[in-house]
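Structure data (mmCIF, C-alpha atoms and all ligand atoms) from protein01.cif:
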data_upload
#
loop_
_atom_site.label_atom_id
_atom_site.label_comp_id
_atom_site.auth_asym_id
_atom_site.auth_seq_id
_atom_site.Cartn_x
_atom_site.Cartn_y
_atom_site.Cartn_z
CA MET A 781 4.55 -19.66 32.48
CA SER A 782 4.17 -16.07 31.21
CA GLU A 783 0.82 -15.07 29.71
CA ARG A 784 0.56 -14.55 25.96
CA GLU A 785 0.77 -10.87 25.15
CA ILE A 786 -2.04 -9.83 22.82
CA TYR A 787 -2.21 -6.26 21.54
CA ASP A 788 -5.43 -4.48 20.66
CA MET A 789 -3.82 -2.79 17.70
CA CYS A 790 -0.56 -3.25 15.85
CA ILE A 791 0.35 -0.41 13.52
CA ILE A 792 2.84 -0.99 10.72
CA GLY A 793 4.72 2.16 9.70
CA SER A 794 5.95 5.26 11.49
CA GLY A 795 5.01 7.98 9.02
CA PRO A 796 2.25 10.51 9.76
CA ALA A 797 -0.47 7.91 9.11
CA GLY A 798 0.97 5.35 11.55
CA LEU A 799 1.83 7.91 14.24
CA SER A 800 -1.61 9.51 14.02
CA ALA A 801 -3.26 6.09 14.29
CA ALA A 802 -1.12 5.22 17.32
CA VAL A 803 -1.87 8.45 19.19
CA ASN A 804 -5.61 8.18 18.53
CA ALA A 805 -5.73 4.55 19.64
CA ARG A 806 -3.88 5.42 22.87
CA VAL A 807 -6.29 8.30 23.53
CA ARG A 808 -8.97 5.58 23.45
CA ARG A 809 -6.83 3.55 25.91
CA LYS A 810 -6.04 0.67 23.62
CA LYS A 811 -2.93 -1.49 23.95
CA VAL A 812 -0.92 -0.39 20.92
CA LEU A 813 2.35 -1.48 19.36
CA LEU A 814 3.98 0.45 16.50
CA PHE A 815 6.47 -1.02 14.03
CA SER A 816 8.76 1.58 12.49
CA GLY A 817 11.21 -0.39 10.35
CA GLU A 818 14.95 -0.06 11.02
CA SER A 819 15.27 3.59 9.98
CA GLY A 820 12.42 4.78 12.17
CA LEU A 821 11.87 7.58 9.66
CA SER A 822 9.19 8.72 7.24
CA LYS A 823 8.95 10.28 3.82
CA VAL A 824 8.30 13.55 5.65
CA ASN A 825 12.03 13.54 6.46
CA LEU A 826 12.82 13.87 2.76
CA SER A 827 10.97 17.14 2.39
CA PRO A 828 13.08 20.28 2.92
CA ARG A 829 10.00 22.48 3.20
CA ILE A 830 6.32 21.68 3.71
CA ASP A 831 3.97 24.57 3.04
CA ASN A 832 0.54 22.99 3.08
CA TYR A 833 0.29 21.33 6.50
CA LEU A 834 -2.24 23.39 8.39
CA GLY A 835 -0.83 25.50 11.17
CA PHE A 836 2.83 24.90 10.29
CA PRO A 837 3.65 26.86 7.11
CA GLY A 838 7.21 26.64 5.75
CA MET A 839 8.09 23.75 8.03
CA ASN A 840 11.22 21.69 7.40
CA GLY A 841 10.28 17.99 7.06
CA ASN A 842 12.71 16.80 9.75
CA ASP A 843 11.41 19.40 12.20
CA LEU A 844 7.79 18.47 11.55
CA TYR A 845 8.59 14.79 12.00
CA GLU A 846 10.35 15.55 15.31
CA LYS A 847 7.14 17.19 16.52
CA PHE A 848 5.12 14.12 15.47
CA LYS A 849 7.55 11.82 17.28
CA ARG A 850 7.52 13.89 20.45
CA HIS A 851 3.73 13.62 20.47
CA LEU A 852 4.07 9.83 20.24
CA GLU A 853 6.59 9.77 23.09
CA GLU A 854 4.22 11.74 25.32
CA PHE A 855 1.77 8.85 25.06
CA GLU A 856 4.53 6.31 25.81
CA ILE A 857 3.67 4.18 22.81
CA PRO A 858 6.07 1.24 22.45
CA VAL A 859 7.93 1.05 19.13
CA VAL A 860 9.56 -2.01 17.56
CA LYS A 861 12.36 -0.81 15.27
CA GLN A 862 11.97 -3.67 12.85
CA LYS A 863 10.03 -4.30 9.70
CA VAL A 864 6.99 -6.50 9.74
CA GLN A 865 7.68 -9.17 7.15
CA THR A 866 4.30 -10.85 6.92
CA VAL A 867 0.86 -10.60 8.49
CA GLY A 868 -1.23 -13.74 8.89
CA LEU A 869 -4.59 -14.43 10.48
CA MET A 870 -5.31 -17.28 12.89
CA ASP A 871 -8.58 -17.70 14.81
CA SER A 872 -9.39 -13.98 14.23
CA LEU A 873 -6.05 -12.92 15.73
CA PHE A 874 -3.43 -11.32 13.51
CA MET A 875 0.13 -12.69 13.64
CA LEU A 876 2.81 -10.19 12.67
CA GLN A 877 6.22 -11.59 11.94
CA THR A 878 9.43 -9.58 12.16
CA ARG A 879 12.92 -10.99 11.71
CA ASP A 880 13.10 -11.88 15.43
CA ALA A 881 9.60 -12.42 16.77
CA ILE A 882 5.91 -12.96 16.19
CA TYR A 883 3.39 -10.51 17.68
CA GLU A 884 -0.35 -11.12 18.17
CA SER A 885 -3.00 -8.47 17.76
CA ARG A 886 -6.77 -8.13 17.54
CA SER A 887 -6.51 -5.50 14.80
CA VAL A 888 -3.86 -4.15 12.42
CA ILE A 889 -3.38 -0.85 10.64
CA ILE A 890 -1.10 -0.82 7.62
CA ALA A 891 0.58 2.57 7.17
CA THR A 892 3.65 1.57 5.20
CA GLY A 893 3.72 4.40 2.66
CA VAL A 894 4.73 3.84 -0.94
CA ALA A 895 8.10 2.97 -2.45
CA VAL A 896 10.00 5.98 -3.76
CA ARG A 897 11.90 3.90 -6.24
CA LYS A 898 10.41 2.33 -9.31
CA LEU A 899 10.15 -1.43 -9.51
CA ILE A 900 12.85 -3.17 -11.53
CA LYS A 901 11.84 -4.34 -14.98
CA GLY A 902 10.49 -7.88 -14.63
CA GLU A 903 10.01 -7.62 -10.85
CA GLU A 904 6.22 -7.74 -10.86
CA THR A 905 6.21 -10.66 -13.30
CA PHE A 906 8.26 -12.87 -11.00
CA VAL A 907 6.81 -12.06 -7.55
CA GLY A 908 6.30 -15.43 -5.87
CA ARG A 909 8.23 -17.12 -8.69
CA GLY A 910 11.74 -16.27 -7.56
CA ILE A 911 11.24 -12.73 -6.26
CA SER A 912 10.83 -12.38 -2.52
CA TYR A 913 10.89 -9.57 0.03
CA CYS A 914 11.45 -11.77 3.10
CA ALA A 915 14.49 -14.00 3.59
CA THR A 916 13.11 -15.52 6.79
CA CYS A 917 9.92 -16.57 5.01
CA ASP A 918 11.27 -17.78 1.67
CA GLY A 919 15.03 -18.25 2.16
CA PRO A 920 14.77 -21.95 3.11
CA LEU A 921 13.30 -22.66 -0.36
CA TYR A 922 16.74 -21.91 -1.81
CA GLN A 923 18.80 -24.51 0.08
CA GLY A 924 21.96 -25.25 -1.97
CA LYS A 925 20.98 -22.70 -4.64
CA THR A 926 22.26 -19.33 -5.86
CA VAL A 927 20.41 -16.23 -4.68
CA THR A 928 20.85 -12.51 -5.13
CA VAL A 929 20.14 -9.82 -2.55
CA LEU A 930 19.28 -6.30 -3.76
CA ASP A 931 19.87 -4.06 -0.78
CA TYR A 932 18.49 -0.51 -0.81
CA THR A 933 18.22 -0.08 2.98
CA GLY A 934 21.13 -1.88 4.66
CA GLU A 935 18.96 -4.64 6.12
CA GLY A 936 19.95 -6.92 3.22
CA ALA A 937 23.45 -7.30 4.68
CA GLU A 938 22.28 -9.30 7.69
CA GLU A 939 19.83 -11.24 5.54
CA SER A 940 22.71 -12.16 3.18
CA LEU A 941 24.62 -13.66 6.09
CA PHE A 942 21.53 -15.69 6.99
CA LEU A 943 21.08 -16.90 3.39
CA ALA A 944 24.80 -17.72 3.02
CA ASP A 945 24.42 -20.35 5.76
CA PHE A 946 22.45 -22.63 3.43
CA CYS A 947 22.61 -21.21 -0.11
CA SER A 948 25.57 -22.21 -2.25
CA LYS A 949 26.18 -18.63 -3.39
CA VAL A 950 24.84 -15.18 -2.48
CA TYR A 951 25.33 -12.16 -4.71
CA TYR A 952 24.93 -9.01 -2.64
CA VAL A 953 24.06 -6.03 -4.86
CA ASP A 954 24.84 -2.99 -2.75
CA MET A 955 22.62 0.03 -3.41
CA THR A 956 23.47 1.67 -0.07
CA GLN A 957 27.14 2.47 -0.73
CA LYS A 958 27.79 1.02 2.72
CA ALA A 959 28.47 -2.64 1.90
CA PRO A 960 30.04 -4.43 4.84
CA ALA A 961 33.17 -6.57 4.42
CA PHE A 962 31.54 -10.01 4.50
CA LYS A 963 33.70 -12.77 5.98
CA LYS A 964 31.72 -15.61 4.34
CA ALA A 965 33.45 -16.81 1.16
CA ASN A 966 30.18 -17.60 -0.65
CA ILE A 967 28.99 -13.96 -0.60
CA GLU A 968 30.08 -11.87 -3.59
CA VAL A 969 29.53 -8.12 -3.36
CA ILE A 970 28.50 -6.17 -6.45
CA THR A 971 28.90 -2.41 -6.01
CA GLY A 972 28.23 0.58 -8.25
CA ASP A 973 26.32 -1.56 -10.72
CA PRO A 974 22.55 -1.01 -10.41
CA PRO A 975 20.05 -3.71 -11.33
CA GLU A 976 18.21 -3.19 -14.61
CA GLU A 977 16.14 -6.26 -15.42
CA ILE A 978 15.03 -9.58 -13.96
CA THR A 979 14.61 -12.36 -16.49
CA GLY A 980 13.57 -15.99 -16.51
CA GLY A 981 11.02 -18.50 -17.75
CA ASP A 982 8.58 -20.03 -15.26
CA THR A 983 10.80 -18.70 -12.48
CA VAL A 984 13.65 -16.23 -12.17
CA SER A 985 16.90 -17.27 -13.84
CA ALA A 986 19.00 -14.11 -14.08
CA LEU A 987 19.53 -10.55 -12.99
CA LYS A 988 20.91 -8.07 -15.47
CA THR A 989 22.80 -5.17 -13.95
CA ARG A 990 24.19 -2.32 -15.98
CA GLY A 991 27.52 -4.12 -16.29
CA ARG A 992 26.86 -7.88 -16.16
CA THR A 993 24.32 -10.71 -16.05
CA VAL A 994 24.23 -12.89 -12.95
CA ASP A 995 22.60 -16.33 -13.09
CA THR A 996 20.42 -16.71 -10.00
CA ASP A 997 17.61 -18.93 -8.71
CA GLY A 998 16.04 -16.29 -6.50
CA ILE A 999 16.19 -12.56 -5.77
CA PHE A 1000 15.51 -10.98 -2.38
CA ILE A 1001 14.73 -7.26 -2.51
CA PHE A 1002 15.04 -4.97 0.53
CA ARG A 1003 13.46 -1.53 0.09
CA GLU A 1004 11.92 0.88 2.60
CA THR A 1005 8.55 -0.69 1.97
CA TYR A 1006 7.16 -3.89 0.43
CA PRO A 1007 4.30 -4.12 -2.03
CA PRO A 1008 1.31 -4.36 0.38
CA GLY A 1009 -0.06 -7.49 -1.29
CA GLU A 1010 3.19 -9.23 -0.33
CA LEU A 1011 2.87 -8.17 3.30
CA VAL A 1012 -0.63 -9.60 3.72
CA PRO A 1013 -1.67 -12.53 1.53
CA GLY A 1014 -5.19 -12.05 0.19
CA LEU A 1015 -5.23 -8.26 0.63
CA ALA A 1016 -7.28 -6.57 -2.08
CA ILE A 1017 -5.30 -4.08 -4.17
CA GLU A 1018 -6.78 -1.54 -6.57
CA GLU A 1019 -4.63 0.41 -9.02
CA GLY A 1020 -1.52 -0.35 -6.96
CA SER A 1021 -2.95 0.86 -3.61
CA ILE A 1022 -4.66 -1.03 -0.80
CA LYS A 1023 -8.39 -1.05 -1.46
CA VAL A 1024 -10.22 0.66 1.42
CA ASN A 1025 -13.66 2.10 2.11
CA ARG A 1026 -14.38 5.37 3.92
CA LYS A 1027 -13.77 3.66 7.27
CA MET A 1028 -10.30 2.69 5.98
CA GLU A 1029 -11.37 -0.96 6.22
CA THR A 1030 -9.67 -3.38 3.84
CA ASN A 1031 -11.27 -6.56 2.52
CA ILE A 1032 -10.02 -8.39 5.66
CA ARG A 1033 -12.01 -7.87 8.89
CA GLY A 1034 -9.97 -6.10 11.55
CA LEU A 1035 -7.36 -4.95 9.04
CA TYR A 1036 -7.21 -1.25 8.12
CA ALA A 1037 -4.94 0.84 5.88
CA SER A 1038 -4.12 4.54 5.86
CA GLY A 1039 -1.83 7.10 4.30
CA ASP A 1040 0.02 6.82 1.00
CA CYS A 1041 -0.38 3.02 0.86
CA ALA A 1042 -4.17 3.55 0.66
CA GLY A 1043 -3.95 5.78 -2.40
CA LYS A 1044 -3.46 9.32 -3.68
CA PRO A 1045 -3.06 12.18 -2.98
CA TYR A 1046 0.26 11.42 -1.28
CA GLN A 1047 0.10 14.12 1.38
CA VAL A 1048 0.83 14.55 5.08
CA ALA A 1049 -2.60 15.95 6.00
CA LYS A 1050 -4.45 13.14 4.25
CA SER A 1051 -2.21 10.57 5.97
CA VAL A 1052 -2.81 12.05 9.42
CA GLY A 1053 -6.58 12.10 8.84
CA GLU A 1054 -6.72 8.59 7.48
CA GLY A 1055 -4.57 7.30 10.36
CA GLN A 1056 -7.11 8.75 12.78
CA THR A 1057 -10.09 7.35 10.85
CA ALA A 1058 -8.50 3.90 10.72
CA ALA A 1059 -7.68 3.94 14.44
CA LEU A 1060 -11.14 5.05 15.55
CA ASN A 1061 -12.84 2.42 13.41
CA ALA A 1062 -10.41 -0.23 14.65
CA VAL A 1063 -11.27 0.81 18.23
CA ALA A 1064 -14.98 0.30 17.46
CA TYR A 1065 -14.15 -3.09 15.93
CA ILE A 1066 -12.14 -4.19 19.00
CA ASP A 1067 -14.83 -3.00 21.40
CA ALA A 1068 -17.42 -5.03 19.53
CA LEU A 1069 -15.21 -8.12 19.96
CA GLN A 1070 -15.18 -7.90 23.77
CA PRO A 1071 -17.60 -10.31 25.40
CA ALA A 1072 -20.53 -8.52 27.05
CA ALA A 1073 -20.19 -8.08 30.83
CA PRO A 1074 -22.19 -10.68 32.82
C1 LIG B 1 10.55 14.94 -1.29
C2 LIG B 1 9.15 14.90 -0.76
C3 LIG B 1 8.46 16.06 -0.50
C4 LIG B 1 7.15 16.04 -0.02
N1 LIG B 1 6.52 17.21 0.25
C5 LIG B 1 5.27 17.20 0.76
C6 LIG B 1 4.59 18.43 1.08
O1 LIG B 1 5.13 19.52 0.88
N2 LIG B 1 3.33 18.34 1.60
C7 LIG B 1 2.72 17.15 1.85
O2 LIG B 1 1.61 17.13 2.37
N3 LIG B 1 3.33 15.98 1.54
C8 LIG B 1 4.59 15.97 1.02
N4 LIG B 1 5.20 14.80 0.71
C9 LIG B 1 4.45 13.54 0.87
C10 LIG B 1 4.42 13.05 2.32
O3 LIG B 1 5.72 12.98 2.85
C11 LIG B 1 3.75 11.68 2.36
O4 LIG B 1 2.46 11.78 1.79
C12 LIG B 1 3.61 11.15 3.79
O5 LIG B 1 4.85 11.06 4.44
C13 LIG B 1 2.93 9.77 3.77
O6 LIG B 1 2.81 9.33 5.07
P1 LIG B 1 2.61 7.77 5.39
O7 LIG B 1 2.51 7.68 6.87
O8 LIG B 1 1.53 7.22 4.56
O9 LIG B 1 3.93 7.05 4.85
P2 LIG B 1 5.52 7.33 5.04
O10 LIG B 1 5.79 8.72 5.50
O11 LIG B 1 6.09 6.90 3.74
O12 LIG B 1 5.90 6.34 6.19
C14 LIG B 1 5.81 4.95 6.02
C15 LIG B 1 6.60 4.29 7.12
O13 LIG B 1 6.37 2.90 7.10
C16 LIG B 1 7.59 2.23 7.35
N5 LIG B 1 7.45 0.88 6.83
C17 LIG B 1 7.26 0.49 5.54
N6 LIG B 1 7.12 -0.84 5.45
C18 LIG B 1 7.19 -1.30 6.72
C19 LIG B 1 7.12 -2.60 7.30
N7 LIG B 1 6.90 -3.69 6.54
N8 LIG B 1 7.25 -2.74 8.64
C20 LIG B 1 7.44 -1.63 9.43
N9 LIG B 1 7.52 -0.37 8.93
C21 LIG B 1 7.40 -0.21 7.60
C22 LIG B 1 8.61 3.08 6.63
O14 LIG B 1 9.90 2.81 7.13
C23 LIG B 1 8.11 4.47 7.05
O15 LIG B 1 8.55 4.79 8.33
C24 LIG B 1 6.51 14.79 0.21
C25 LIG B 1 7.19 13.61 -0.05
C26 LIG B 1 8.48 13.64 -0.55
C27 LIG B 1 9.19 12.34 -0.82
#
Would you put the structure from the file into C-alpha cells?
Ligand SMILES: Cc1cc2nc3c(=O)[nH]c(=O)nc-3n(C[C@H](O)[C@H](O)[C@H](O)COP(=O)(O)OP(=O)(O)OC[C@H]3O[C@@H](n4cnc5c(N)ncnc54)[C@H](O)[C@@H]3O)c2cc1C
Amino acid sequence: MSEREIYDMCIIGSGPAGLSAAVNARVRRKKVLLFSGESGLSKVNLSPRIDNYLGFPGMNGNDLYEKFKRHLEEFEIPVVKQKVQTVGLMDSLFMLQTRDAIYESRSVIIATGVAVRKLIKGEETFVGRGISYCATCDGPLYQGKTVTVLDYTGEGAEESLFLADFCSKVYYVDMTQKAPAFKKANIEVITGDPPEEITGGDTVSALKTRGRTVDTDGIFIFRETYPPGELVPGLAIEEGSIKVNRKMETNIRGLYASGDCAGKPYQVAKSVGEGQTAALNAVAYIDALQPAAP
C-alpha cells in the first residue's frame, strides 16, 4: 500500500503572492504544492504596463509574470492546474479538495486574489441558500431539481455535464463566448444575455437576465476566484478581505493569507512581500509541529 502523501504547505493561487510564498517555502526546503486554477494566470497578466514594481520599470504584465513563473520552475515546484474548491481541517491536517482529488497539508496559504467582476445583485443574500461555487460539494443537493450555471471561466461547462446527470434541468449561462455544443438534452444554453439579479424567498427561486427570468432551485457560479469565506468555512473576514495579522495568520491555526485577498492596496509588490511573510511564518509553524528528536 502506498504511503499517504502529506505536504508541508499547500498554496492556493498562482499570482505574485502565491508564487512568492512557494519560492520562499522551497528555499526553506519544505514540501510544497501550488494550485493555480485552470488558467494558470494572474491579474498581473491583465496589466499592459507596470511602472511601480521595483527594478522593472515599464514592464509588460505578461513579461513580468513569465519571469515570476520561470523563477518557480527553477525550484521545481509542483503545480496542480485545478481550483481548490474547499479547505477543511481534520486532526490538525488541512484537506484541500479539487474536482478530482483531495490533498493533505500541514499548513495552507490562501493567495486567491480578488474577483474583478462585481457580485450579481442578490448573490450575497443567497450564499448557502441556493448559491454555490462548487458543484462537487453542493450539486447532489439538487437531485431532480432545476439548476443554473453561470460560467465566467469555462470550467462551468464540465460542471454542467456533471449536474445534468442528476438534475432535471440545467441552464448554462455562457459568459465566456465559448459555449460548447452540449449533447445532453436537459442542458439549455443561454448566450449573450448577462445575469442581472438573483431573487427568491428563503432560498433562490429565479435568475433574472437582461432578457428573461429563469425559474431555478440553485445557481452555481464559476469565476476566477471564490469569496474566501466560501473556500474555508469559519474563516474570519473583515470588510470583504481575509482578516490577517502582521504574520499573515488568519483566525485558523496553520492557515495564512496573502496578496489581494488579504486586503488593499491591490499591488504586486505588496503581494510578493505578503507571500514571503506568510511562507516564512508557515515554515516556523510547521517546524514547531515536528516532534523533538530523541
Ligand atoms: C488591469 C490591471 C492593472 C494593474 N496594474 C498594476 C500596476 O501597475 N502595479 C501593481 O503593483 N499592481 C497592478 N495591478 C494589481 C496586481 O495585478 C494585483 O495586485 C496582483 O496581481 C495580486 O496578486 P495576488 O497574487 O494576490 O492575486 P492574483 O494575481 O489575482 O492571482 C490569484 C490567483 O489565484 C488563482 N485562484 C483563485 N482562486 C483559486 C482557487 N480556489 N484555487 C486555485 N487557484 C485559485 C487565480 O486563478 C489566480 O491565478 C493591476 C491589476 C489589474 C487588473
Within 9 Å of range 938-950 of chain A, counting all atoms listed in the file, which residues qualify if same-chain residues fewer than 2 places away don't, as JSON, numbers by chain?
{"A": [914, 915, 916, 919, 920, 922, 923, 924, 925, 926, 927, 928, 929, 934, 935, 936, 952, 962, 964, 965, 966, 967, 968, 969, 996]}
Residues within 6 Å of ligand LIG 1 (chain B), counting only C-alpha atoms and all ligand atoms, as a ChimeraX atom specification
/A:792-798,815-817,820-824,826-827,830-832,863-865,891-894,1004-1006,1039-1041,1046-1049,1051
Minimum-distance residue to Ile857 in chain A, chosen among A:Gln957, A:Asn825, A:Thr905, A:Ser800 (using all atoms listed in the file):
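For Ile857 in chain A, the nearest of the candidates is A:Ser800.
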Among listed residues A:Glu818, A:Glu977, A:Glu785, A:Asp1067, nearest Val859 in chain A (using all atoms listed in the file):
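Under the stated criterion, the closest residue is A:Glu818.
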Between CA of Pro1045 in chain A and CA of Leu814 in chain A - distance in Å to one decimal
23.8 Å
Shortest interatomic distance to Glu884 in chain A - which of A:Arg1026, A:Arg784, A:Arg1033, A:Arg990, counting all atoms listed in the file:
A:Arg784
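One finds CA of Ile1001 in chain A at 10.8 Å from CA of Gly910 in chain A.
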CA of Leu844 in chain A and CA of Ile791 in chain A, how far apart in Å?
20.4 Å
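Here the question is which of A:Thr866, A:Gln1070, A:Thr933, A:Ser819 gets nearest to Gly1009 in chain A using only C-alpha atoms, and that residue is A:Thr866.
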Nearest-residue call for Val888 in chain A, choices A:Val907, A:Val984, A:Val867, A:Ile978, using all atoms listed in the file:
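The shortest atom-to-atom distance to Val888 in chain A comes from A:Val867.
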List as a CSV table (one decimal) with C-alpha atoms, keeping the file's coordinate frame the protein and nucleic acid residues near Ser985 in chain A, meaning an atom at most 7 Å away when only C-alpha atoms are counted, but skip any in the same chain fewer than 4 places from it.
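Writing the result to result-v2.csv gives the following:
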chain,number,residue,atom,x,y,z
A,979,THR,CA,14.6,-12.4,-16.5
A,980,GLY,CA,13.6,-16.0,-16.5
A,995,ASP,CA,22.6,-16.3,-13.1
A,996,THR,CA,20.4,-16.7,-10.0
A,997,ASP,CA,17.6,-18.9,-8.7
Option closest in space to Ala986 in chain A, from A:Gly835, A:Gly902, A:Gly908, A:Pro974 [counting all atoms listed in the file]:
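Residue with the minimum atom-to-atom distance to Ala986 in chain A: A:Gly902.
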Test item: residues at most 9 Å from Asp918 in chain A, all atoms listed in the file, excluding those fewer than 5 positions along its chain, as a VMD selection string:
chain A and resid 912 to 913 1000
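For Asp973 in chain A, the set of protein, DNA and RNA residues having any atom at most 9 Å away, when counting all atoms listed in the file and skipping those fewer than 6 positions along the same chain, is Val953, Asp954, Met955, Thr989, Arg990, Gly991 and Arg992 of chain A.
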Next, write the just-selected residues to a file, as a compact mmCIF listing (two decimals), keeping the file's coordinate frame, keeping C-alpha atoms as the atom set.
# COMPACT_ATOMS: atom_id res chain seq x y z
CA VAL A 953 24.06 -6.03 -4.86
CA ASP A 954 24.84 -2.99 -2.75
CA MET A 955 22.62 0.03 -3.41
CA THR A 989 22.80 -5.17 -13.95
CA ARG A 990 24.19 -2.32 -15.98
CA GLY A 991 27.52 -4.12 -16.29
CA ARG A 992 26.86 -7.88 -16.16
What's around Lys810 in chain A at 8 Å? Count all atoms listed in the file, leave out sequence neighbours fewer than 5 positions away in its own chain, and write the answer as a ChimeraX atom specification.
/A:788-789,805,1063
